[in-house]
>>> print(open('run_11.pdb').read())   # PDB, C-alpha atoms
ATOM      1  CA  MET A   1     138.668 106.090  82.593
ATOM      2  CA  ILE A   2     137.766 105.296  78.965
ATOM      3  CA  THR A   3     141.466 104.994  78.107
ATOM      4  CA  GLY A   4     142.037 102.627  81.023
ATOM      5  CA  LEU A   5     138.972 100.550  80.126
ATOM      6  CA  THR A   6     140.083 100.292  76.500
ATOM      7  CA  MET A   7     143.609  99.259  77.490
ATOM      8  CA  ASP A   8     142.231  96.759  80.003
ATOM      9  CA  LEU A   9     139.861  95.121  77.524
ATOM     10  CA  VAL A  10     142.594  94.848  74.882
ATOM     11  CA  ALA A  11     145.054  93.422  77.437
ATOM     12  CA  ILE A  12     142.654  90.844  78.897
ATOM     13  CA  VAL A  13     141.519  89.704  75.445
ATOM     14  CA  LEU A  14     145.154  89.222  74.446
ATOM     15  CA  LEU A  15     145.900  87.344  77.675
ATOM     16  CA  ALA A  16     142.750  85.211  77.797
ATOM     17  CA  TYR A  17     142.094  84.500  74.107
ATOM     18  CA  GLY A  18     145.452  85.192  72.483
ATOM     19  CA  LEU A  19     147.624  83.342  74.995
ATOM     20  CA  TYR A  20     145.705  81.197  77.454
ATOM     21  CA  TYR A  21     142.866  79.741  75.396
ATOM     22  CA  ARG A  22     144.964  79.082  72.287
ATOM     23  CA  ARG A  23     147.453  77.119  74.399
ATOM     24  CA  HIS A  24     145.306  75.439  77.051
ATOM     25  CA  HIS A  25     141.738  75.290  75.611
ATOM     26  CA  ARG A  26     139.810  75.611  78.903
ATOM     27  CA  ARG A  27     136.700  77.690  78.281
ATOM     28  CA  ASP A  28     135.717  77.755  81.958
ATOM     29  CA  LEU A  29     138.903  79.529  82.986
ATOM     30  CA  LEU A  30     138.785  81.826  79.967
ATOM     31  CA  PHE A  31     135.505  83.229  81.266
ATOM     32  CA  ALA A  32     136.846  83.402  84.831
ATOM     33  CA  TYR A  33     139.912  85.409  83.775
ATOM     34  CA  ILE A  34     137.846  87.939  81.846
ATOM     35  CA  ALA A  35     135.177  88.300  84.537
ATOM     36  CA  LEU A  36     137.735  88.663  87.308
ATOM     37  CA  ASN A  37     139.755  91.206  85.341
ATOM     38  CA  VAL A  38     136.789  93.387  84.426
ATOM     39  CA  GLY A  39     135.450  93.165  87.979
ATOM     40  CA  ILE A  40     138.787  94.245  89.431
ATOM     41  CA  PHE A  41     138.993  97.094  86.923
ATOM     42  CA  ALA A  42     135.505  98.300  87.897
ATOM     43  CA  VAL A  43     136.195  98.156  91.638
ATOM     44  CA  VAL A  44     139.573  99.913  91.356
ATOM     45  CA  SER A  45     138.022 102.615  89.179
ATOM     46  CA  LEU A  46     135.241 103.116  91.717
ATOM     47  CA  LEU A  47     137.729 103.217  94.607
ATOM     48  CA  LEU A  48     139.710 105.923  92.816
ATOM     49  CA  VAL A  49     136.626 108.015  92.031
ATOM     50  CA  GLN A  50     135.309 107.722  95.593
ATOM     51  CA  ARG A  51     138.790 108.257  97.145
ATOM     52  CA  VAL A  52     138.361 105.221  99.393
ATOM     53  CA  ASP A  53     141.205 104.342 101.749
ATOM     54  CA  ILE A  54     143.972 102.327 100.070
ATOM     55  CA  ALA A  55     143.726  99.680 102.817
ATOM     56  CA  VAL A  56     140.214  98.830 101.637
ATOM     57  CA  GLY A  57     141.538  98.328  98.128
ATOM     58  CA  PHE A  58     144.364  96.056  99.255
ATOM     59  CA  GLY A  59     141.949  94.077 101.428
ATOM     60  CA  LEU A  60     139.644  93.617  98.458
ATOM     61  CA  PHE A  61     142.600  92.563  96.298
ATOM     62  CA  GLY A  62     143.557  89.915  98.887
ATOM     63  CA  VAL A  63     140.032  88.537  99.155
ATOM     64  CA  LEU A  64     139.541  88.382  95.396
ATOM     65  CA  SER A  65     142.877  86.709  94.810
ATOM     66  CA  ILE A  66     142.011  83.685  96.978
ATOM     67  CA  ILE A  67     138.378  83.132  96.024
ATOM     68  CA  ARG A  68     138.870  80.317  93.526
ATOM     69  CA  LEU A  69     142.587  79.630  93.811
ATOM     70  CA  ARG A  70     142.277  76.974  96.520
ATOM     71  CA  SER A  71     140.692  74.485  94.131
ATOM     72  CA  SER A  72     142.763  71.451  93.196
ATOM     73  CA  GLU A  73     141.297  71.556  89.689
ATOM     74  CA  ILE A  74     143.577  74.368  88.560
ATOM     75  CA  THR A  75     147.302  74.193  88.076
ATOM     76  CA  GLN A  76     149.981  76.570  89.254
ATOM     77  CA  GLN A  77     150.245  77.730  85.655
ATOM     78  CA  GLU A  78     146.564  78.683  85.649
ATOM     79  CA  ILE A  79     146.981  80.490  88.964
ATOM     80  CA  ALA A  80     149.647  82.605  87.256
ATOM     81  CA  TYR A  81     147.094  83.579  84.606
ATOM     82  CA  TYR A  82     144.623  84.472  87.395
ATOM     83  CA  PHE A  83     147.240  86.673  89.019
ATOM     84  CA  VAL A  84     148.104  88.471  85.771
ATOM     85  CA  ALA A  85     144.382  88.990  85.039
ATOM     86  CA  ILE A  86     144.044  90.628  88.474
ATOM     87  CA  VAL A  87     147.148  92.760  87.985
ATOM     88  CA  LEU A  88     145.996  93.920  84.547
ATOM     89  CA  GLY A  89     142.698  95.029  86.093
ATOM     90  CA  LEU A  90     144.520  96.924  88.833
ATOM     91  CA  VAL A  91     147.052  98.538  86.494
ATOM     92  CA  ASN A  92     144.420  99.651  84.013
ATOM     93  CA  GLY A  93     142.027 100.731  86.748
ATOM     94  CA  ILE A  94     144.513 103.409  87.761
ATOM     95  CA  ALA A  95     145.613 104.115  84.170
ATOM     96  CA  GLY A  96     143.888 107.500  84.092
ATOM     97  CA  ALA A  97     146.783 109.090  85.948
ATOM     98  CA  TRP A  98     149.592 107.367  83.996
ATOM     99  CA  PRO A  99     148.296 105.849  80.742
ATOM    100  CA  LEU A 100     151.752 105.387  79.167
ATOM    101  CA  THR A 101     153.050 103.599  82.270
ATOM    102  CA  ALA A 102     149.973 101.367  82.268
ATOM    103  CA  LEU A 103     150.448 100.625  78.568
ATOM    104  CA  LEU A 104     154.089  99.720  79.176
ATOM    105  CA  LEU A 105     153.174  97.469  82.125
ATOM    106  CA  ASN A 106     150.477  95.769  80.017
ATOM    107  CA  GLY A 107     153.076  95.042  77.359
ATOM    108  CA  VAL A 108     155.585  93.729  79.878
ATOM    109  CA  LEU A 109     153.031  91.467  81.599
ATOM    110  CA  LEU A 110     151.757  90.042  78.312
ATOM    111  CA  ALA A 111     155.268  89.536  76.929
ATOM    112  CA  VAL A 112     156.404  87.755  80.086
ATOM    113  CA  MET A 113     153.369  85.440  79.990
ATOM    114  CA  TYR A 114     153.928  84.760  76.291
ATOM    115  CA  VAL A 115     157.551  83.752  76.842
ATOM    116  CA  ALA A 116     157.166  81.995  80.213
ATOM    117  CA  ASP A 117     154.278  79.813  79.001
ATOM    118  CA  HIS A 118     155.622  79.241  75.497
ATOM    119  CA  PRO A 119     155.572  75.544  74.559
ATOM    120  CA  GLY A 120     159.012  75.888  72.969
ATOM    121  CA  LEU A 121     160.511  76.728  76.351
ATOM    122  CA  LEU A 122     159.399  73.747  78.436
ATOM    123  CA  GLY A 123     156.499  72.454  76.349
ATOM    124  CA  ARG A 124     157.550  68.829  76.117
ATOM    125  CA  THR A 125     157.673  68.232  79.876
ATOM    126  CA  ARG A 126     154.519  66.572  81.180
ATOM    127  CA  HIS A 127     153.120  65.570  84.561
ATOM    128  CA  GLN A 128     150.731  62.707  85.144
ATOM    129  CA  VAL A 129     149.480  60.488  87.967
ATOM    130  CA  VAL A 130     149.592  56.889  86.729
ATOM    131  CA  THR A 131     147.889  53.871  88.286
ATOM    132  CA  LEU A 132     149.708  50.653  87.450
ATOM    133  CA  ASP A 133     148.282  47.162  87.694
ATOM    134  CA  VAL A 134     151.525  45.862  89.187
ATOM    135  CA  VAL A 135     153.726  46.552  92.213
ATOM    136  CA  HIS A 136     157.418  47.032  91.456
ATOM    137  CA  ALA A 137     159.917  46.437  94.252
ATOM    138  CA  ASP A 138     162.792  47.716  92.131
ATOM    139  CA  PRO A 139     162.753  51.462  91.291
ATOM    140  CA  GLU A 140     164.568  50.858  88.001
ATOM    141  CA  ALA A 141     161.961  48.267  86.941
ATOM    142  CA  LEU A 142     159.271  50.838  87.758
ATOM    143  CA  ARG A 143     161.012  53.445  85.612
ATOM    144  CA  VAL A 144     161.366  51.014  82.669
ATOM    145  CA  ASP A 145     157.683  50.024  82.956
ATOM    146  CA  LEU A 146     156.576  53.680  83.016
ATOM    147  CA  GLU A 147     158.763  54.588  80.029
ATOM    148  CA  SER A 148     157.300  51.652  78.103
ATOM    149  CA  ARG A 149     153.708  52.590  78.923
ATOM    150  CA  LEU A 150     154.128  56.330  78.364
ATOM    151  CA  ARG A 151     156.455  55.931  75.381
ATOM    152  CA  ALA A 152     158.543  58.710  76.872
ATOM    153  CA  ARG A 153     161.666  59.343  78.935
ATOM    154  CA  VAL A 154     160.807  59.541  82.639
ATOM    155  CA  LEU A 155     162.475  62.437  84.441
ATOM    156  CA  GLN A 156     161.140  61.722  87.910
ATOM    157  CA  CYS A 157     158.696  59.299  89.468
ATOM    158  CA  GLU A 158     157.410  59.078  93.001
ATOM    159  CA  VAL A 159     155.263  56.248  94.308
ATOM    160  CA  THR A 160     152.350  57.793  96.181
ATOM    161  CA  GLN A 161     150.366  54.654  96.971
ATOM    162  CA  VAL A 162     150.912  50.891  96.957
ATOM    163  CA  ASP A 163     148.150  48.319  97.385
ATOM    164  CA  TYR A 164     149.606  44.814  97.707
ATOM    165  CA  VAL A 165     146.155  43.219  97.981
ATOM    166  CA  ARG A 166     145.012  44.456  94.555
ATOM    167  CA  ASP A 167     148.533  44.716  93.048
ATOM    168  CA  VAL A 168     148.161  48.417  92.324
ATOM    169  CA  THR A 169     150.751  51.194  92.394
ATOM    170  CA  VAL A 170     149.946  54.891  92.027
ATOM    171  CA  VAL A 171     152.875  56.934  90.732
ATOM    172  CA  ASP A 172     153.338  60.680  90.239
ATOM    173  CA  VAL A 173     155.395  60.922  87.032
ATOM    174  CA  ARG A 174     157.189  63.778  85.264
ATOM    175  CA  TYR A 175     158.361  62.912  81.782
ATOM    176  CA  VAL A 176     159.418  64.330  78.433
ATOM    177  CA  ALA A 177     156.861  63.755  75.698
ATOM    178  CA  PRO A 178     158.343  62.432  72.457
ATOM    179  CA  ASN A 179     156.881  65.257  70.301
ATOM    180  CA  ALA A 180     155.699  68.740  71.219
ATOM    181  CA  ARG A 181     152.095  69.575  70.393
ATOM    182  CA  ALA A 182     151.775  70.797  66.845
ATOM    183  CA  GLY A 183     150.139  74.080  66.064
ATOM    184  CA  VAL A 184     150.620  75.715  69.461
ATOM    185  CA  ARG A 185     151.786  79.330  69.358
TER     186      ARG A 185
END
>>> encode(input="run_11.pdb", output="structure tokens")
Amino acid sequence: MITGLTMDLVAIVLLAYGLYYRRHHRRDLLFAYIALNVGIFAVVSLLLVQRVDIAVGFGLFGVLSIIRLRSSEITQQEIAYYFVAIVLGLVNGIAGAWPLTALLLNGVLLAVMYVADHPGLLGRTRHQVVTLDVVHADPEALRVDLESRLRARVLQCEVTQVDYVRDVTVVDVRYVAPNARAGVR
């Protein structure tokens, strides 16, 4: 159990501090990832010691995985970090039986998250909801206006709301930022 706990703490610190926080800078989720991971590790370890039915463990896993994930304040990217934090807790909770397998899985999970969320891969693509003080009838005029305001090349834009009384348009925009963020690893 000490080996599993050590591997779990190293893995979650690398995931939460080394990857997530350095790239996304959200302290609230940093704490959530660590707390969730350590909680999952503790419960899985207890389930293994007490020899509780595996169905109880899977039920607990399902409940824990949806607790906070229904909030609109977190992105799909952050949900992926939640999922990996849960999986690391599960893998390391059962690490006593197969510590080398758990170590290998930790490495694979962390490497995949490092590469998949690397800013060099898709880091310049951005998403934003923009409220314009004008209504454009022509989609090309809308695109030109958005590119001018964002100073970026628009990949996709979808009008989600138009208010002709106040001359307001709400647009969901995906665009390529002119320069990637400096200093992100």
>>> resolve_selection(input="run_11.pdb", expression="the PyMOL selection byres ((chain A and resi 149) around 12)", output="ChimeraX atom specification")
/A:130-133,142-148,150-154,173,175
>>> write_last_selection(input="run_11.pdb", atoms="C-alpha atoms", output="PDB file, in the coordinates of the input")
ATOM      1  CA  VAL A 130     149.592  56.889  86.729  1.00  0.00           C
ATOM      2  CA  THR A 131     147.889  53.871  88.286  1.00  0.00           C
ATOM      3  CA  LEU A 132     149.708  50.653  87.450  1.00  0.00           C
ATOM      4  CA  ASP A 133     148.282  47.162  87.694  1.00  0.00           C
ATOM      5  CA  LEU A 142     159.271  50.838  87.758  1.00  0.00           C
ATOM      6  CA  ARG A 143     161.012  53.445  85.612  1.00  0.00           C
ATOM      7  CA  VAL A 144     161.366  51.014  82.669  1.00  0.00           C
ATOM      8  CA  ASP A 145     157.683  50.024  82.956  1.00  0.00           C
ATOM      9  CA  LEU A 146     156.576  53.680  83.016  1.00  0.00           C
ATOM     10  CA  GLU A 147     158.763  54.588  80.029  1.00  0.00           C
ATOM     11  CA  SER A 148     157.300  51.652  78.103  1.00  0.00           C
ATOM     12  CA  LEU A 150     154.128  56.330  78.364  1.00  0.00           C
ATOM     13  CA  ARG A 151     156.455  55.931  75.381  1.00  0.00           C
ATOM     14  CA  ALA A 152     158.543  58.710  76.872  1.00  0.00           C
ATOM     15  CA  ARG A 153     161.666  59.343  78.935  1.00  0.00           C
ATOM     16  CA  VAL A 154     160.807  59.541  82.639  1.00  0.00           C
ATOM     17  CA  VAL A 173     155.395  60.922  87.032  1.00  0.00           C
ATOM     18  CA  TYR A 175     158.361  62.912  81.782  1.00  0.00           C
TER      19      TYR A 175
END
>>> resolve_selection(input="run_11.pdb", expression="the PyMOL selection byres ((chain A and resi 10-13) around 8)", output="number ranges by chain")
A: 6-9, 14-18, 33-34, 37, 85, 88, 106, 110
>>> write_last_selection(input="run_11.pdb", atoms="C-alpha atoms", output="PDB file, in the frame of the given file")
ATOM      1  CA  THR A   6     140.083 100.292  76.500  1.00  0.00           C
ATOM      2  CA  MET A   7     143.609  99.259  77.490  1.00  0.00           C
ATOM      3  CA  ASP A   8     142.231  96.759  80.003  1.00  0.00           C
ATOM      4  CA  LEU A   9     139.861  95.121  77.524  1.00  0.00           C
ATOM      5  CA  LEU A  14     145.154  89.222  74.446  1.00  0.00           C
ATOM      6  CA  LEU A  15     145.900  87.344  77.675  1.00  0.00           C
ATOM      7  CA  ALA A  16     142.750  85.211  77.797  1.00  0.00           C
ATOM      8  CA  TYR A  17     142.094  84.500  74.107  1.00  0.00           C
ATOM      9  CA  GLY A  18     145.452  85.192  72.483  1.00  0.00           C
ATOM     10  CA  TYR A  33     139.912  85.409  83.775  1.00  0.00           C
ATOM     11  CA  ILE A  34     137.846  87.939  81.846  1.00  0.00           C
ATOM     12  CA  ASN A  37     139.755  91.206  85.341  1.00  0.00           C
ATOM     13  CA  ALA A  85     144.382  88.990  85.039  1.00  0.00           C
ATOM     14  CA  LEU A  88     145.996  93.920  84.547  1.00  0.00           C
ATOM     15  CA  ASN A 106     150.477  95.769  80.017  1.00  0.00           C
ATOM     16  CA  LEU A 110     151.757  90.042  78.312  1.00  0.00           C
TER      17      LEU A 110
END
>>> resolve_selection(input="run_11.pdb", expression="the PyMOL selection byres ((chain A and resi 86) around 9)", output="ChimeraX atom specification")
/A:33,36-41,61,64-65,81-85,87-91
>>> write_last_selection(input="run_11.pdb", atoms="C-alpha atoms", output="compact mmCIF listing (two decimals), in the frame of the given file")
# COMPACT_ATOMS: atom_id res chain seq x y z
CA TYR A 33 139.91 85.41 83.78
CA LEU A 36 137.74 88.66 87.31
CA ASN A 37 139.76 91.21 85.34
CA VAL A 38 136.79 93.39 84.43
CA GLY A 39 135.45 93.16 87.98
CA ILE A 40 138.79 94.24 89.43
CA PHE A 41 138.99 97.09 86.92
CA PHE A 61 142.60 92.56 96.30
CA LEU A 64 139.54 88.38 95.40
CA SER A 65 142.88 86.71 94.81
CA TYR A 81 147.09 83.58 84.61
CA TYR A 82 144.62 84.47 87.40
CA PHE A 83 147.24 86.67 89.02
CA VAL A 84 148.10 88.47 85.77
CA ALA A 85 144.38 88.99 85.04
CA VAL A 87 147.15 92.76 87.98
CA LEU A 88 146.00 93.92 84.55
CA GLY A 89 142.70 95.03 86.09
CA LEU A 90 144.52 96.92 88.83
CA VAL A 91 147.05 98.54 86.49
>>> closest_residue(input="run_11.pdb", among="A:Leu47, A:Ala102, A:Val108, A:Val135", to="Val168 (chain A)", atoms="all atoms listed in the file")
A:Val135
>>> atom_distance(input="run_11.pdb", atom1="CA of Leu19 (chain A)", atom2="CA of Thr125 (chain A)")
18.8 Å
>>> atom_distance(input="run_11.pdb", atom1="CA of Glu140 (chain A)", atom2="CA of Thr75 (chain A)")
29.0 Å
>>> axis_aligned_box(input="run_11.pdb", around="region 20-25 of chain A", padding_each_side="4 Å", output="AutoDock Vina command-line options")
--center_x 144.6 --center_y 78.2 --center_z 74.9 --size_x 13.7 --size_y 13.9 --size_z 13.2
